[in-house]
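Q: To start, I am sharing the structure in question, which I have written as C-alpha cells.
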Amino acid sequence: MDSLSSAVPLGSELSCTTTHGNTLRGNVVATDEHLKAVVIQESNDGSNVHIINLSHISDLKILSQPSDADLSDDTPLLPEINLQKVSKRLEQSIEARLKEVNSRGVGVSEEAQELFDSIRKIYDEIRWDGSDIVVLEDVRISSPYSPENCTSSSTAVGHIQKLVTKFYEDKKSA
C-alpha cells in the first residue's frame with residue numbers, strides 16, 4: 001500500500017466529502033500516517049484549517065498536484081497560527097457548551113424545559129435553580145410554571161408573566 005503522503009501529496013488541492021455530508025476544498029498542508037489524517041487549508045481565504053481522519057471521508061478527489069518547484073524548501077506550507085485567536089475560540093466554545101449543559105433542567109417536566117427554551121430565545125440571562133427558572137437574576141418561575149407562579153420585586157415580572165401566558169396559548173393552539 002502506498003504511503004498516505006504519496007497518495008495525498010503535500011501541496012495538492014483536493015475536494016472531499018465527509019461521512020456527515022460536509023464538502024471541504026483546500027490544499028493539503030500536512031499528513032499523519034499514524035492517525036490516517038490529512039490537514040487541509042481551505043482555498044477561500046486560507047484562515048480555516050481542518051484535520052480530517054480519512055475514515056470519515058466518503059469521497060476524495062485530488063484536483064491538482066504540485067510541481068517540484070512548488071515544494072521548494074524555502075516555501076512554508078503551514079500558515080502561522082494566531083494562538084490568541086485559537087485560545088479565544090476555545091474559550092468561547094467551552095463557554096457555549098457549559099451554557100448548553102446548564103440550560104437543561106434536571107428532574108423537570110418536558111413542558112418546563114420547553115418553557116425555559118422559549119424564554120431563552122428572548123432572554124439570554126436565564127438559568128435553572130433546582131426546579132425553578134430564574135430570569136434576569138430577578139424573576140423566579142416555580143412549578144407548575146404558570147403566570148401566577150412568577151415572583152419578583154421588580155416590574156420585569158409582568159413581562160415574564162406575559163411570556164409564560166403566550167407560551168401556553170401557543171402550545172394550546174398548536
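Lettering and numbering for the C-alpha cells are positional, with chains as A, B, ... in the shown order, residues counted from 1 in each chain, and ligands counted from 1 in the shown order.
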Would you mind listing what lies within 12 Å of Lys121 (chain A) as a VMD selection string, with only C-alpha atoms counted and same-chain residues fewer than 3 positions away left out?
A: chain A and resid 103 114 to 118 124 to 126 135 163 167
Q: Those same residues, written as a PDB file, in the first residue's frame with N, CA and C atoms?
A:
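Resulting contents of out-v9.pdb:
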```pdb
ATOM      1  N   SER A 103     -28.419  24.724  30.615  1.00  0.00           N
ATOM      2  CA  SER A 103     -29.785  25.081  30.205  1.00  0.00           C
ATOM      3  C   SER A 103     -30.716  23.873  30.244  1.00  0.00           C
ATOM      4  N   GLU A 114     -39.442  23.102  27.805  1.00  0.00           N
ATOM      5  CA  GLU A 114     -39.893  23.849  26.625  1.00  0.00           C
ATOM      6  C   GLU A 114     -40.133  25.311  26.970  1.00  0.00           C
ATOM      7  N   LEU A 115     -40.726  25.580  28.141  1.00  0.00           N
ATOM      8  CA  LEU A 115     -40.937  26.960  28.592  1.00  0.00           C
ATOM      9  C   LEU A 115     -39.593  27.659  28.763  1.00  0.00           C
ATOM     10  N   PHE A 116     -38.656  26.986  29.405  1.00  0.00           N
ATOM     11  CA  PHE A 116     -37.308  27.533  29.599  1.00  0.00           C
ATOM     12  C   PHE A 116     -36.697  27.895  28.240  1.00  0.00           C
ATOM     13  N   ASP A 117     -36.751  26.961  27.283  1.00  0.00           N
ATOM     14  CA  ASP A 117     -36.167  27.194  25.966  1.00  0.00           C
ATOM     15  C   ASP A 117     -36.857  28.349  25.248  1.00  0.00           C
ATOM     16  N   SER A 118     -38.164  28.478  25.429  1.00  0.00           N
ATOM     17  CA  SER A 118     -38.923  29.564  24.814  1.00  0.00           C
ATOM     18  C   SER A 118     -38.479  30.927  25.363  1.00  0.00           C
ATOM     19  N   ASP A 124     -31.208  35.976  27.299  1.00  0.00           N
ATOM     20  CA  ASP A 124     -30.020  35.136  27.408  1.00  0.00           C
ATOM     21  C   ASP A 124     -29.675  34.854  28.872  1.00  0.00           C
ATOM     22  N   GLU A 125     -30.075  35.764  29.724  1.00  0.00           N
ATOM     23  CA  GLU A 125     -29.763  35.637  31.153  1.00  0.00           C
ATOM     24  C   GLU A 125     -30.872  34.833  31.845  1.00  0.00           C
ATOM     25  N   ILE A 126     -30.778  33.513  31.696  1.00  0.00           N
ATOM     26  CA  ILE A 126     -31.771  32.603  32.263  1.00  0.00           C
ATOM     27  C   ILE A 126     -31.047  31.351  32.733  1.00  0.00           C
ATOM     28  N   VAL A 135     -34.992  34.167  35.712  1.00  0.00           N
ATOM     29  CA  VAL A 135     -34.772  35.027  34.555  1.00  0.00           C
ATOM     30  C   VAL A 135     -34.246  36.372  35.045  1.00  0.00           C
ATOM     31  N   LEU A 163     -44.934  36.404  28.788  1.00  0.00           N
ATOM     32  CA  LEU A 163     -44.239  35.391  28.001  1.00  0.00           C
ATOM     33  C   LEU A 163     -44.727  33.985  28.360  1.00  0.00           C
ATOM     34  N   PHE A 167     -46.644  31.452  25.915  1.00  0.00           N
ATOM     35  CA  PHE A 167     -46.120  30.097  25.708  1.00  0.00           C
ATOM     36  C   PHE A 167     -47.261  29.077  25.780  1.00  0.00           C
TER      37      PHE A 167
END
```
Q: Quick check for you: according to DSSP on this backbone, which residues of chain A are classed as alpha helix (DSSP H)? Reply as a PyMOL selection string.
A: chain A and resi 4-7+83-102+110-120+156-173
Q: Since we have the selection now, will you write its residues out, keeping C-alpha atoms, as a CSV table (one decimal), in the first residue's frame?
A:
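As written to disk, again-v7.csv reads:
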```csv
chain,number,residue,atom,x,y,z
A,4,LEU,CA,-0.5,8.5,2.8
A,5,SER,CA,1.8,11.3,1.7
A,6,SER,CA,2.3,9.8,-1.7
A,7,ALA,CA,-1.5,9.1,-2.1
A,83,LEU,CA,-2.7,31.4,19.3
A,84,GLN,CA,-4.7,34.2,20.9
A,85,LYS,CA,-7.5,33.6,18.3
A,86,VAL,CA,-7.3,29.9,18.9
A,87,SER,CA,-7.5,30.4,22.7
A,88,LYS,CA,-10.4,32.8,22.4
A,89,ARG,CA,-12.3,30.4,20.1
A,90,LEU,CA,-11.6,27.5,22.6
A,91,GLU,CA,-12.8,29.7,25.5
A,92,GLN,CA,-16.0,30.6,23.6
A,93,SER,CA,-16.6,27.0,22.7
A,94,ILE,CA,-16.3,25.9,26.2
A,95,GLU,CA,-18.5,28.7,27.5
A,96,ALA,CA,-21.2,27.8,24.9
A,97,ARG,CA,-21.1,24.1,25.9
A,98,LEU,CA,-21.3,24.9,29.6
A,99,LYS,CA,-24.3,27.2,28.8
A,100,GLU,CA,-25.9,24.5,26.9
A,101,VAL,CA,-25.4,21.9,29.7
A,102,ASN,CA,-26.7,24.4,32.3
A,110,GLU,CA,-40.7,18.3,29.3
A,111,GLU,CA,-43.1,21.2,29.3
A,112,ALA,CA,-41.0,23.1,31.9
A,113,GLN,CA,-37.9,22.6,29.7
A,114,GLU,CA,-39.9,23.8,26.6
A,115,LEU,CA,-40.9,27.0,28.6
A,116,PHE,CA,-37.3,27.5,29.6
A,117,ASP,CA,-36.2,27.2,26.0
A,118,SER,CA,-38.9,29.6,24.8
A,119,ILE,CA,-37.9,32.3,27.3
A,120,ARG,CA,-34.2,31.7,26.5
A,156,ALA,CA,-40.0,42.7,34.9
A,157,VAL,CA,-42.3,40.1,36.4
A,158,GLY,CA,-45.2,41.4,34.3
A,159,HIS,CA,-43.3,40.9,31.1
A,160,ILE,CA,-42.2,37.4,32.1
A,161,GLN,CA,-45.8,36.5,33.0
A,162,LYS,CA,-46.9,37.6,29.5
A,163,LEU,CA,-44.2,35.4,28.0
A,164,VAL,CA,-45.4,32.4,30.1
A,165,THR,CA,-49.0,33.1,29.1
A,166,LYS,CA,-48.1,33.4,25.4
A,167,PHE,CA,-46.1,30.1,25.7
A,168,TYR,CA,-49.2,28.2,27.0
A,169,GLU,CA,-51.5,29.9,24.5
A,170,ASP,CA,-49.2,28.9,21.6
A,171,LYS,CA,-48.9,25.4,22.9
A,172,LYS,CA,-52.7,25.1,23.2
A,173,SER,CA,-53.3,26.3,19.6
```
Q: Between CA of Ile40 (chain A) and CA of Val28 (chain A), what distance in Å does the model show, to one decimal?
A: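 One can read the CA of Ile40 (chain A) to CA of Val28 (chain A) distance as 4.5 Å.
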Q: CA of Ser67 (chain A) and CA of Thr18 (chain A), how far apart in Å?
A: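 CA of Ser67 (chain A) lies at a distance of 27.2 Å from CA of Thr18 (chain A).
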Q: Between CA of Gln65 (chain A) and CA of Ala37 (chain A), what is the distance in Å, rounded to a tenth?
A: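 Those two atoms sit 18.0 Å apart.
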Q: Using the chain letters and numbers from this document, which residues of region 11-169 of chain A does DSSP assign to strand (DSSP E or B), as a VMD selection string?
A: chain A and resid 13 to 18 23 to 32 37 to 42 49 to 53 57 to 64 126 to 129 132 to 135 139 to 141 150 to 151
Q: I need the residue nearest Leu54 (chain A) from this list: A:Ile81, A:Gln41, A:Val8, A:Ser146. Use only C-alpha atoms for the distance.
A: A:Val8
Q: Would you please work out which residue, of A:Ser64, A:Ser55, A:Ser152, A:Ser131, is nearest to Val106 (chain A) when using only C-alpha atoms?
A: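 Result for the nearest residue to Val106 (chain A): A:Ser131.
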Q: Pick from A:Cys150, A:Ser47, A:Leu10, A:Glu42: nearest to Val29 (chain A), with only C-alpha atoms counted?
A: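 Checking each of A:Cys150, A:Ser47, A:Leu10, A:Glu42 against Val29 (chain A), counting only C-alpha atoms, the winner is A:Leu10.
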Q: Excluding Gly130 (chain A) and residues on its chain fewer than 6 positions from it, collect all residues at most 9 Å away from it, counting only C-alpha atoms, and give them as a list of chain:residue names.
A: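 Counting only the stated atoms, we get A:Gly105, A:Val106, A:Gly107, A:Val108.
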Q: Keeping only C-alpha atoms, write those residues as a PDB file, in the first residue's frame.
A:
```pdb
ATOM      1  CA  GLY A 105     -33.207  21.228  33.859  1.00  0.00           C
ATOM      2  CA  VAL A 106     -32.686  18.129  35.997  1.00  0.00           C
ATOM      3  CA  GLY A 107     -35.841  16.358  37.094  1.00  0.00           C
ATOM      4  CA  VAL A 108     -38.198  18.826  35.411  1.00  0.00           C
TER       5      VAL A 108
END
```
